[in-house]
file input-v4.pdb (PDB, C-alpha atoms, pLDDT in the B column)
ATOM      1  CA  ALA P  93       0.000   0.000   0.000  1.00 69.00           C
ATOM      2  CA  VAL P  94       1.105   3.563  -0.661  1.00 78.00           C
ATOM      3  CA  LEU P  95       1.180   5.785   2.415  1.00 79.00           C
ATOM      4  CA  LYS P  96       0.052   9.160   1.109  1.00 81.00           C
ATOM      5  CA  GLY P  97       1.264  10.932   4.256  1.00 81.00           C
ATOM      6  CA  ASP P  98       4.797   9.637   3.630  1.00 83.00           C
ATOM      7  CA  SER P  99       4.699  10.369  -0.129  1.00 83.00           C
ATOM      8  CA  LYS P 100       5.369  13.611  -1.930  1.00 84.00           C
ATOM      9  CA  VAL P 101       4.862  15.093  -5.401  1.00 83.00           C
ATOM     10  CA  VAL P 102       7.058  18.018  -6.482  1.00 83.00           C
ATOM     11  CA  CYS P 103       6.753  19.962  -9.729  1.00 80.00           C
ATOM     12  CA  THR P 104       9.397  22.398 -10.957  1.00 81.00           C
ATOM     13  CA  PRO P 105       9.359  25.081 -12.263  1.00 81.00           C
ATOM     14  CA  ASN P 106       6.395  26.782 -10.590  1.00 79.00           C
ATOM     15  CA  LYS P 107       4.397  27.006 -13.819  1.00 80.00           C
ATOM     16  CA  PRO P 108       1.798  25.812 -14.780  1.00 82.00           C
ATOM     17  CA  THR P 109      -0.428  26.256 -11.757  1.00 84.00           C
ATOM     18  CA  LYS P 110      -3.669  24.674 -10.629  1.00 86.00           C
ATOM     19  CA  LYS P 111      -3.496  21.676 -12.978  1.00 87.00           C
ATOM     20  CA  LYS P 112      -4.620  18.139 -12.160  1.00 90.00           C
ATOM     21  CA  VAL P 113      -3.089  14.848 -13.265  1.00 89.00           C
ATOM     22  CA  SER P 114      -5.136  11.652 -13.076  1.00 92.00           C
ATOM     23  CA  ASN P 115      -3.915   8.044 -13.137  1.00 92.00           C
ATOM     24  CA  PHE P 116      -0.277   8.842 -13.978  1.00 90.00           C
ATOM     25  CA  GLU P 117       1.656   5.542 -14.123  1.00 91.00           C
ATOM     26  CA  VAL P 118       5.217   5.056 -12.915  1.00 88.00           C
ATOM     27  CA  SER P 119       6.864   1.647 -13.139  1.00 87.00           C
ATOM     28  CA  THR P 120       9.931   0.161 -11.423  1.00 82.00           C
ATOM     29  CA  ASP P 121      11.411  -3.348 -11.450  1.00 74.00           C
ATOM     30  CA  THR P 122       9.284  -4.325  -8.464  1.00 77.00           C
ATOM     31  CA  ALA P 123       6.004  -2.384  -8.768  1.00 82.00           C
ATOM     32  CA  THR P 124       3.734  -0.191 -10.890  1.00 88.00           C
ATOM     33  CA  TYR P 125       2.331   2.939  -9.239  1.00 88.00           C
ATOM     34  CA  LYS P 126      -0.788   4.809 -10.346  1.00 91.00           C
ATOM     35  CA  LEU P 127      -0.911   8.399  -9.049  1.00 89.00           C
ATOM     36  CA  SER P 128      -3.358  11.292  -9.187  1.00 90.00           C
ATOM     37  CA  PHE P 129      -2.135  14.692  -8.023  1.00 88.00           C
ATOM     38  CA  ASN P 130      -2.497  18.463  -8.231  1.00 88.00           C
ATOM     39  CA  ILE P 131       0.259  20.666  -9.691  1.00 86.00           C
ATOM     40  CA  ASN P 132       1.229  23.959  -8.010  1.00 83.00           C
ATOM     41  CA  PRO P 133       0.218  23.692  -5.284  1.00 84.00           C
ATOM     42  CA  GLU P 134       1.411  20.066  -5.164  1.00 86.00           C
ATOM     43  CA  LYS P 135      -0.821  17.526  -3.485  1.00 87.00           C
ATOM     44  CA  LEU P 136      -1.032  13.777  -3.921  1.00 88.00           C
ATOM     45  CA  THR P 137      -4.753  13.018  -4.116  1.00 89.00           C
ATOM     46  CA  LYS P 138      -4.793   9.296  -4.928  1.00 90.00           C
ATOM     47  CA  ALA P 139      -2.161   6.553  -5.110  1.00 88.00           C
ATOM     48  CA  SER P 140      -2.112   2.813  -5.695  1.00 87.00           C
ATOM     49  CA  MET P 141       0.621   0.245  -6.122  1.00 85.00           C
ATOM     50  CA  GLU P 142       0.654  -3.154  -7.833  1.00 85.00           C
ATOM     51  CA  LEU P 143       3.622  -5.412  -7.081  1.00 79.00           C
ATOM     52  CA  LYS P 144       5.214  -7.263  -9.989  1.00 78.00           C
ATOM     53  CA  ALA P 145       6.050 -10.960  -9.866  1.00 72.00           C
ATOM     54  CA  VAL P 146       9.523 -11.522  -8.460  1.00 65.00           C
ATOM     55  CA  LYS P 147      11.868 -13.186 -10.926  1.00 65.00           C
ATOM     56  CA  THR P 148      13.514 -16.123  -9.193  1.00 67.00           C
ATOM     57  CA  VAL P 149      17.132 -16.735 -10.081  1.00 69.00           C
ATOM     58  CA  GLU P 150      17.904 -20.445 -10.216  1.00 83.00           C
ATOM     59  CA  CYS P 151      21.320 -21.629  -9.102  1.00 90.00           C
ATOM     60  CA  GLU P 152      23.508 -24.099 -10.954  1.00 92.00           C
ATOM     61  CA  ALA P 153      23.999 -27.643  -9.592  1.00 92.00           C
ATOM     62  CA  GLY P 154      26.095 -27.573  -6.405  1.00 93.00           C
ATOM     63  CA  PHE P 155      24.969 -24.043  -5.490  1.00 94.00           C
ATOM     64  CA  THR P 156      22.128 -22.848  -3.253  1.00 92.00           C
ATOM     65  CA  ARG P 157      20.197 -19.566  -3.408  1.00 91.00           C
ATOM     66  CA  VAL P 158      20.663 -17.214  -0.432  1.00 91.00           C
ATOM     67  CA  CYS P 159      18.652 -13.976  -0.048  1.00 88.00           C
ATOM     68  CA  PRO P 160      18.327 -11.187   2.509  1.00 86.00           C
ATOM     69  CA  SER P 161      15.799 -11.743   5.253  1.00 85.00           C
ATOM     70  CA  GLY P 162      12.711  -9.580   4.960  1.00 80.00           C
ATOM     71  CA  ALA P 163      11.194  -7.546   7.769  1.00 73.00           C
ATOM     72  CA  GLY P 164      10.517  -9.760  10.779  1.00 76.00           C
ATOM     73  CA  GLY P 165      12.226 -12.747   9.116  1.00 79.00           C
ATOM     74  CA  SER P 166       9.964 -13.099   6.088  1.00 82.00           C
ATOM     75  CA  CYS P 167      11.419 -15.047   3.156  1.00 85.00           C
ATOM     76  CA  PRO P 168      10.461 -15.565  -0.500  1.00 83.00           C
ATOM     77  CA  ASP P 169       8.369 -18.648  -1.324  1.00 83.00           C
ATOM     78  CA  GLY P 170      10.307 -21.894  -1.090  1.00 87.00           C
ATOM     79  CA  MET P 171      12.886 -20.437   1.313  1.00 89.00           C
ATOM     80  CA  PHE P 172      13.334 -20.467   5.099  1.00 89.00           C
ATOM     81  CA  ASN P 173      14.861 -18.037   7.584  1.00 89.00           C
ATOM     82  CA  PHE P 174      18.224 -18.916   9.200  1.00 89.00           C
ATOM     83  CA  CYS P 175      19.665 -16.792  12.011  1.00 86.00           C
ATOM     84  CA  PRO P 176      23.299 -17.451  12.952  1.00 84.00           C
ATOM     85  CA  TYR P 177      24.519 -17.318  16.560  1.00 76.00           C
ATOM     86  CA  ASN P 178      20.948 -18.070  17.752  1.00 78.00           C
ATOM     87  CA  GLY P 179      19.964 -14.544  16.695  1.00 78.00           C
ATOM     88  CA  SER P 180      16.545 -13.143  15.867  1.00 77.00           C
ATOM     89  CA  PRO P 181      15.301 -11.583  12.636  1.00 76.00           C
ATOM     90  CA  ALA P 182      15.600  -7.808  12.365  1.00 73.00           C
ATOM     91  CA  ALA P 183      12.508  -5.632  12.242  1.00 71.00           C
ATOM     92  CA  ALA P 184      13.814  -3.965   9.063  1.00 72.00           C
ATOM     93  CA  GLU P 185      14.454  -5.617   5.724  1.00 72.00           C
ATOM     94  CA  ASP P 186      18.008  -6.129   4.409  1.00 75.00           C
ATOM     95  CA  SER P 187      18.632  -4.859   0.891  1.00 76.00           C
ATOM     96  CA  TRP P 188      21.466  -6.845  -0.706  1.00 80.00           C
ATOM     97  CA  ALA P 189      20.816  -8.950  -3.818  1.00 83.00           C
ATOM     98  CA  CYS P 190      20.221 -12.704  -3.690  1.00 87.00           C
ATOM     99  CA  SER P 191      23.200 -14.838  -4.648  1.00 89.00           C
ATOM    100  CA  CYS P 192      24.163 -18.460  -5.202  1.00 92.00           C
ATOM    101  CA  LEU P 193      26.613 -19.939  -2.696  1.00 93.00           C
ATOM    102  CA  GLN P 194      28.383 -23.280  -2.882  1.00 94.00           C
ATOM    103  CA  THR P 195      26.038 -25.815  -1.254  1.00 93.00           C
ATOM    104  CA  ARG P 196      28.707 -27.828   0.592  1.00 92.00           C
ATOM    105  CA  MET P 197      30.212 -24.718   2.197  1.00 91.00           C
ATOM    106  CA  LEU P 198      26.712 -23.515   3.092  1.00 91.00           C
ATOM    107  CA  GLU P 199      25.953 -26.859   4.776  1.00 89.00           C
ATOM    108  CA  LEU P 200      29.110 -26.622   6.903  1.00 88.00           C
ATOM    109  CA  ASP P 201      28.340 -23.042   7.968  1.00 87.00           C
ATOM    110  CA  VAL P 202      24.722 -23.848   8.844  1.00 86.00           C
ATOM    111  CA  GLN P 203      25.738 -26.916  10.878  1.00 83.00           C
ATOM    112  CA  ALA P 204      28.263 -24.758  12.776  1.00 82.00           C
ATOM    113  CA  GLY P 205      25.672 -22.001  13.331  1.00 82.00           C
ATOM    114  CA  LEU P 206      27.725 -19.482  11.317  1.00 84.00           C
ATOM    115  CA  ASN P 207      26.547 -16.962   8.765  1.00 86.00           C
ATOM    116  CA  PRO P 208      27.638 -18.170   5.309  1.00 88.00           C
ATOM    117  CA  LEU P 209      28.204 -14.523   4.312  1.00 86.00           C
ATOM    118  CA  GLY P 210      31.089 -14.303   6.775  1.00 84.00           C
ATOM    119  CA  GLU P 211      31.959 -15.164  10.356  1.00 78.00           C
ATOM    120  CA  CYS P 212      31.415 -11.579  11.558  1.00 81.00           C
ATOM    121  CA  ARG P 213      27.999 -11.195   9.928  1.00 81.00           C
ATOM    122  CA  GLY P 214      25.164 -11.614  12.414  1.00 80.00           C
ATOM    123  CA  GLU P 215      22.096 -10.907  10.277  1.00 85.00           C
ATOM    124  CA  CYS P 216      19.516 -13.555   9.427  1.00 87.00           C
ATOM    125  CA  ILE P 217      19.313 -14.845   5.854  1.00 90.00           C
ATOM    126  CA  CYS P 218      16.850 -16.754   3.704  1.00 90.00           C
ATOM    127  CA  MET P 219      17.978 -20.032   2.155  1.00 91.00           C
ATOM    128  CA  SER P 220      16.476 -22.461  -0.291  1.00 89.00           C
ATOM    129  CA  GLY P 221      13.967 -24.709   1.504  1.00 86.00           C
ATOM    130  CA  ASP P 222      15.866 -27.889   0.671  1.00 85.00           C
ATOM    131  CA  MET P 223      18.607 -26.743   3.093  1.00 86.00           C
ATOM    132  CA  GLU P 224      16.266 -26.697   6.108  1.00 85.00           C
ATOM    133  CA  ALA P 225      16.799 -30.402   6.903  1.00 82.00           C
ATOM    134  CA  ILE P 226      20.501 -29.749   7.614  1.00 80.00           C
ATOM    135  CA  THR P 227      19.510 -27.479  10.536  1.00 77.00           C
ATOM    136  CA  LYS P 228      17.887 -30.488  12.244  1.00 76.00           C
ATOM    137  CA  LYS P 229      20.931 -32.764  11.858  1.00 72.00           C
ATOM    138  CA  GLN P 230      22.073 -34.196  15.212  1.00 65.00           C
ATOM    139  CA  LYS P 231      25.050 -32.344  16.685  1.00 61.00           C
ATOM    140  CA  PRO P 232      27.851 -33.842  18.833  1.00 58.00           C
ATOM    141  CA  THR P 233      27.090 -34.174  22.565  1.00 56.00           C
ATOM    142  CA  PHE P 234      29.232 -31.224  23.687  1.00 55.00           C
ATOM    143  CA  PHE P 235      28.224 -28.896  20.869  1.00 55.00           C
ATOM    144  CA  GLY P 236      27.162 -25.564  22.392  1.00 53.00           C
ATOM    145  CA  PRO P 237      25.595 -22.531  20.763  1.00 53.00           C
ATOM    146  CA  LYS P 238      28.072 -20.514  18.751  1.00 63.00           C
ATOM    147  CA  GLU P 239      28.727 -16.935  19.707  1.00 68.00           C
ATOM    148  CA  MET P 240      30.088 -14.308  17.390  1.00 66.00           C
ATOM    149  CA  PRO P 241      33.874 -14.163  17.940  1.00 66.00           C
ATOM    150  CA  SER P 242      35.014 -11.243  20.102  1.00 69.00           C
ATOM    151  CA  TYR P 243      37.249  -9.886  17.324  1.00 66.00           C
ATOM    152  CA  CYS P 244      34.109  -9.225  15.236  1.00 70.00           C
ATOM    153  CA  ASN P 245      32.910  -6.573  17.665  1.00 66.00           C
ATOM    154  CA  ASN P 246      35.629  -4.046  16.804  1.00 55.00           C
TER     155      ASN P 246
END

call {"tool": "encode", "arguments": {"input": "input-v4.pdb", "output": "structure tokens"}}
result
Amino acid sequence: AVLKGDSKVVCTPNKPTKKKVSNFEVSTDTATYKLSFNINPEKLTKASMELKAVKTVECEAGFTRVCPSGAGGSCPDGMFNFCPYNGSPAAAEDSWACSCLQTRMLELDVQAGLNPLGECRGECICMSGDMEAITKKQKPTFFGPKEMPSYCNN
């Protein structure tokens, strides 16, 4: 949904005045917006947004898709949320692009409770759903929860 109170329309220069625009369409990679507004003075009168289908990038054999975790830990369809160091999902969404990581390295990191993006990265990530079973694999008897190494906090 478009929050009109958080949105703004600006027209420069200051001419023409007192004009109205109806159903003006603006499109991005992720959504199409339909706007109605007044020109000089500027006022957004109506706004709607239609999300576009997300193009899923498939990974080659031996690689697994990893994406940023959405707000509150939400993940794209077919993916699950993994939080290293027994962390919790952030309230805000991360904004880096999805990538394909080597599956075997990803398995080792997940089993160890580490973030596959790097040992000093604490944010939650979304991984392909077929990786979820590895999180339930039995751990050795004296295997404790991993903590982020102290040298990461510099």

call {"tool": "atom_distance", "arguments": {"input": "input-v4.pdb", "atom1": "CA of Cys159 (chain P)", "atom2": "CA of Ser99 (chain P)"}}
result
28.1 Å

call {"tool": "residues_around", "arguments": {"input": "input-v4.pdb", "residues": "region 165-181 of chain P", "least_positions_apart": "3", "cutoff": "6 Å", "atoms": "all atoms listed in the file", "output": "list in words"}}
result
Ser161, Gly162, Gly205, Leu206, Asn207, Cys216, Ile217, Cys218, Met219, Ser220, Gly221, Lys238 and Glu239 of chain P

call {"tool": "resolve_selection", "arguments": {"input": "input-v4.pdb", "expression": "the PyMOL selection byres ((chain P and resi 132-135) around 8)", "output": "PDB file with C-alpha atoms, in the frame of the given file"}}
result
ATOM      1  CA  LYS P 100       5.369  13.611  -1.930  1.00 84.00           C
ATOM      2  CA  VAL P 101       4.862  15.093  -5.401  1.00 83.00           C
ATOM      3  CA  VAL P 102       7.058  18.018  -6.482  1.00 83.00           C
ATOM      4  CA  CYS P 103       6.753  19.962  -9.729  1.00 80.00           C
ATOM      5  CA  ASN P 106       6.395  26.782 -10.590  1.00 79.00           C
ATOM      6  CA  LYS P 107       4.397  27.006 -13.819  1.00 80.00           C
ATOM      7  CA  PRO P 108       1.798  25.812 -14.780  1.00 82.00           C
ATOM      8  CA  THR P 109      -0.428  26.256 -11.757  1.00 84.00           C
ATOM      9  CA  LYS P 110      -3.669  24.674 -10.629  1.00 86.00           C
ATOM     10  CA  LYS P 111      -3.496  21.676 -12.978  1.00 87.00           C
ATOM     11  CA  PHE P 129      -2.135  14.692  -8.023  1.00 88.00           C
ATOM     12  CA  ASN P 130      -2.497  18.463  -8.231  1.00 88.00           C
ATOM     13  CA  ILE P 131       0.259  20.666  -9.691  1.00 86.00           C
ATOM     14  CA  LEU P 136      -1.032  13.777  -3.921  1.00 88.00           C
ATOM     15  CA  THR P 137      -4.753  13.018  -4.116  1.00 89.00           C
TER      16      THR P 137
END

call {"tool": "atom_distance", "arguments": {"input": "input-v4.pdb", "atom1": "CA of Leu198 (chain P)", "atom2": "CA of Gly164 (chain P)"}}
result
22.6 Å

call {"tool": "resolve_selection", "arguments": {"input": "input-v4.pdb", "expression": "the PyMOL selection byres ((chain P and resi 139-145) around 8)", "output": "compact mmCIF listing (two decimals) with C-alpha atoms, keeping the file's coordinate frame"}}
result
# COMPACT_ATOMS: atom_id res chain seq x y z
CA ALA P 93 0.00 0.00 0.00
CA VAL P 94 1.10 3.56 -0.66
CA LYS P 96 0.05 9.16 1.11
CA ASP P 121 11.41 -3.35 -11.45
CA THR P 122 9.28 -4.32 -8.46
CA ALA P 123 6.00 -2.38 -8.77
CA THR P 124 3.73 -0.19 -10.89
CA TYR P 125 2.33 2.94 -9.24
CA LYS P 126 -0.79 4.81 -10.35
CA LEU P 127 -0.91 8.40 -9.05
CA SER P 128 -3.36 11.29 -9.19
CA LEU P 136 -1.03 13.78 -3.92
CA THR P 137 -4.75 13.02 -4.12
CA LYS P 138 -4.79 9.30 -4.93
CA VAL P 146 9.52 -11.52 -8.46
CA LYS P 147 11.87 -13.19 -10.93

call {"tool": "resolve_selection", "arguments": {"input": "input-v4.pdb", "expression": "the PyMOL selection byres ((chain P and resi 190) around 6)", "output": "PyMOL selection string"}}
result
chain P and resi 158-159+189+191

call {"tool": "write_last_selection", "arguments": {"input": "input-v4.pdb", "atoms": "C-alpha atoms", "output": "PDB file, in the coordinates of the input"}}
result
ATOM      1  CA  VAL P 158      20.663 -17.214  -0.432  1.00 91.00           C
ATOM      2  CA  CYS P 159      18.652 -13.976  -0.048  1.00 88.00           C
ATOM      3  CA  ALA P 189      20.816  -8.950  -3.818  1.00 83.00           C
ATOM      4  CA  SER P 191      23.200 -14.838  -4.648  1.00 89.00           C
TER       5      SER P 191
END

call {"tool": "residues_around", "arguments": {"input": "input-v4.pdb", "residues": "Met197 (chain P)", "least_positions_apart": "5", "cutoff": "12 Å", "atoms": "all atoms listed in the file", "output": "ChimeraX atom specification"}}
result
/P:154-156,192,202-204,206-210,223

call {"tool": "closest_residue", "arguments": {"input": "input-v4.pdb", "among": "P:Cys244, P:Cys151, P:Ile226, P:Ala184", "to": "Asp201 (chain P)", "atoms": "all atoms listed in the file"}}
result
P:Ile226

call {"tool": "atom_distance", "arguments": {"input": "input-v4.pdb", "atom1": "CA of Glu224 (chain P)", "atom2": "CA of Glu152 (chain P)"}}
result
18.7 Å

call {"tool": "build_atoms", "arguments": {"input": "input-v4.pdb", "residues": "region 191-202 of chain P", "atoms": "all heavy atoms", "output": "PDB file, in the coordinates of the input"}}
result
ATOM      1  N   SER P 191      22.041 -14.272  -3.950  1.00 89.00           N
ATOM      2  CA  SER P 191      23.200 -14.838  -4.648  1.00 89.00           C
ATOM      3  C   SER P 191      23.184 -16.353  -4.487  1.00 89.00           C
ATOM      4  O   SER P 191      22.436 -16.902  -3.692  1.00 89.00           O
ATOM      5  CB  SER P 191      24.499 -14.239  -4.110  1.00 89.00           C
ATOM      6  OG  SER P 191      24.624 -14.492  -2.729  1.00 89.00           O
ATOM      7  N   CYS P 192      24.034 -17.008  -5.257  1.00 92.00           N
ATOM      8  CA  CYS P 192      24.163 -18.460  -5.202  1.00 92.00           C
ATOM      9  C   CYS P 192      25.487 -18.794  -4.532  1.00 92.00           C
ATOM     10  O   CYS P 192      26.542 -18.370  -4.996  1.00 92.00           O
ATOM     11  CB  CYS P 192      24.121 -19.055  -6.610  1.00 92.00           C
ATOM     12  SG  CYS P 192      22.537 -18.795  -7.435  1.00 92.00           S
ATOM     13  N   LEU P 193      25.412 -19.537  -3.423  1.00 93.00           N
ATOM     14  CA  LEU P 193      26.613 -19.939  -2.696  1.00 93.00           C
ATOM     15  C   LEU P 193      26.810 -21.440  -2.844  1.00 93.00           C
ATOM     16  O   LEU P 193      25.846 -22.190  -3.009  1.00 93.00           O
ATOM     17  CB  LEU P 193      26.488 -19.583  -1.209  1.00 93.00           C
ATOM     18  CG  LEU P 193      26.314 -18.112  -0.875  1.00 93.00           C
ATOM     19  CD1 LEU P 193      26.191 -17.932   0.636  1.00 93.00           C
ATOM     20  CD2 LEU P 193      27.482 -17.290  -1.394  1.00 93.00           C
ATOM     21  N   GLN P 194      28.060 -21.867  -2.740  1.00 94.00           N
ATOM     22  CA  GLN P 194      28.383 -23.280  -2.882  1.00 94.00           C
ATOM     23  C   GLN P 194      27.672 -24.080  -1.789  1.00 94.00           C
ATOM     24  O   GLN P 194      27.819 -23.793  -0.592  1.00 94.00           O
ATOM     25  CB  GLN P 194      29.894 -23.437  -2.789  1.00 94.00           C
ATOM     26  CG  GLN P 194      30.397 -24.715  -3.368  1.00 94.00           C
ATOM     27  CD  GLN P 194      31.908 -24.749  -3.403  1.00 94.00           C
ATOM     28  OE1 GLN P 194      32.575 -24.169  -2.553  1.00 94.00           O
ATOM     29  NE2 GLN P 194      32.436 -25.441  -4.388  1.00 94.00           N
ATOM     30  N   THR P 195      26.880 -25.062  -2.179  1.00 93.00           N
ATOM     31  CA  THR P 195      26.038 -25.815  -1.254  1.00 93.00           C
ATOM     32  C   THR P 195      26.836 -26.473  -0.139  1.00 93.00           C
ATOM     33  O   THR P 195      26.454 -26.388   1.035  1.00 93.00           O
ATOM     34  CB  THR P 195      25.214 -26.875  -2.014  1.00 93.00           C
ATOM     35  OG1 THR P 195      24.411 -26.196  -2.987  1.00 93.00           O
ATOM     36  CG2 THR P 195      24.308 -27.655  -1.081  1.00 93.00           C
ATOM     37  N   ARG P 196      27.952 -27.115  -0.443  1.00 92.00           N
ATOM     38  CA  ARG P 196      28.707 -27.828   0.592  1.00 92.00           C
ATOM     39  C   ARG P 196      29.245 -26.867   1.648  1.00 92.00           C
ATOM     40  O   ARG P 196      29.183 -27.159   2.843  1.00 92.00           O
ATOM     41  CB  ARG P 196      29.869 -28.611  -0.042  1.00 92.00           C
ATOM     42  CG  ARG P 196      30.620 -29.448   0.956  1.00 92.00           C
ATOM     43  CD  ARG P 196      29.727 -30.553   1.543  1.00 92.00           C
ATOM     44  NE  ARG P 196      30.428 -31.253   2.614  1.00 92.00           N
ATOM     45  CZ  ARG P 196      29.937 -31.478   3.815  1.00 92.00           C
ATOM     46  NH1 ARG P 196      28.717 -31.105   4.121  1.00 92.00           N
ATOM     47  NH2 ARG P 196      30.641 -32.109   4.720  1.00 92.00           N
ATOM     48  N   MET P 197      29.724 -25.714   1.238  1.00 91.00           N
ATOM     49  CA  MET P 197      30.212 -24.718   2.197  1.00 91.00           C
ATOM     50  C   MET P 197      29.049 -24.179   3.030  1.00 91.00           C
ATOM     51  O   MET P 197      29.180 -23.958   4.229  1.00 91.00           O
ATOM     52  CB  MET P 197      30.938 -23.582   1.481  1.00 91.00           C
ATOM     53  CG  MET P 197      32.168 -24.013   0.705  1.00 91.00           C
ATOM     54  SD  MET P 197      33.386 -24.871   1.710  1.00 91.00           S
ATOM     55  CE  MET P 197      33.932 -23.566   2.755  1.00 91.00           C
ATOM     56  N   LEU P 198      27.915 -23.986   2.403  1.00 91.00           N
ATOM     57  CA  LEU P 198      26.712 -23.515   3.092  1.00 91.00           C
ATOM     58  C   LEU P 198      26.280 -24.520   4.155  1.00 91.00           C
ATOM     59  O   LEU P 198      25.954 -24.152   5.282  1.00 91.00           O
ATOM     60  CB  LEU P 198      25.605 -23.295   2.061  1.00 91.00           C
ATOM     61  CG  LEU P 198      24.373 -22.541   2.476  1.00 91.00           C
ATOM     62  CD1 LEU P 198      24.709 -21.137   2.922  1.00 91.00           C
ATOM     63  CD2 LEU P 198      23.384 -22.488   1.327  1.00 91.00           C
ATOM     64  N   GLU P 199      26.313 -25.814   3.812  1.00 89.00           N
ATOM     65  CA  GLU P 199      25.953 -26.859   4.776  1.00 89.00           C
ATOM     66  C   GLU P 199      26.858 -26.808   6.003  1.00 89.00           C
ATOM     67  O   GLU P 199      26.387 -26.888   7.137  1.00 89.00           O
ATOM     68  CB  GLU P 199      26.065 -28.237   4.118  1.00 89.00           C
ATOM     69  CG  GLU P 199      25.001 -28.521   3.097  1.00 89.00           C
ATOM     70  CD  GLU P 199      25.263 -29.814   2.324  1.00 89.00           C
ATOM     71  OE1 GLU P 199      26.401 -30.338   2.366  1.00 89.00           O
ATOM     72  OE2 GLU P 199      24.327 -30.277   1.667  1.00 89.00           O
ATOM     73  N   LEU P 200      28.152 -26.669   5.788  1.00 88.00           N
ATOM     74  CA  LEU P 200      29.110 -26.622   6.903  1.00 88.00           C
ATOM     75  C   LEU P 200      28.859 -25.411   7.793  1.00 88.00           C
ATOM     76  O   LEU P 200      28.882 -25.519   9.023  1.00 88.00           O
ATOM     77  CB  LEU P 200      30.546 -26.604   6.374  1.00 88.00           C
ATOM     78  CG  LEU P 200      30.997 -27.883   5.663  1.00 88.00           C
ATOM     79  CD1 LEU P 200      32.366 -27.666   5.018  1.00 88.00           C
ATOM     80  CD2 LEU P 200      31.018 -29.065   6.615  1.00 88.00           C
ATOM     81  N   ASP P 201      28.611 -24.253   7.185  1.00 87.00           N
ATOM     82  CA  ASP P 201      28.340 -23.042   7.968  1.00 87.00           C
ATOM     83  C   ASP P 201      27.054 -23.168   8.772  1.00 87.00           C
ATOM     84  O   ASP P 201      27.005 -22.804   9.949  1.00 87.00           O
ATOM     85  CB  ASP P 201      28.265 -21.814   7.055  1.00 87.00           C
ATOM     86  CG  ASP P 201      29.626 -21.383   6.538  1.00 87.00           C
ATOM     87  OD1 ASP P 201      30.646 -21.784   7.128  1.00 87.00           O
ATOM     88  OD2 ASP P 201      29.659 -20.644   5.546  1.00 87.00           O
ATOM     89  N   VAL P 202      26.009 -23.705   8.159  1.00 86.00           N
ATOM     90  CA  VAL P 202      24.722 -23.848   8.844  1.00 86.00           C
ATOM     91  C   VAL P 202      24.855 -24.822  10.011  1.00 86.00           C
ATOM     92  O   VAL P 202      24.367 -24.564  11.112  1.00 86.00           O
ATOM     93  CB  VAL P 202      23.618 -24.294   7.859  1.00 86.00           C
ATOM     94  CG1 VAL P 202      22.351 -24.708   8.592  1.00 86.00           C
ATOM     95  CG2 VAL P 202      23.311 -23.164   6.882  1.00 86.00           C
TER      96      VAL P 202
END
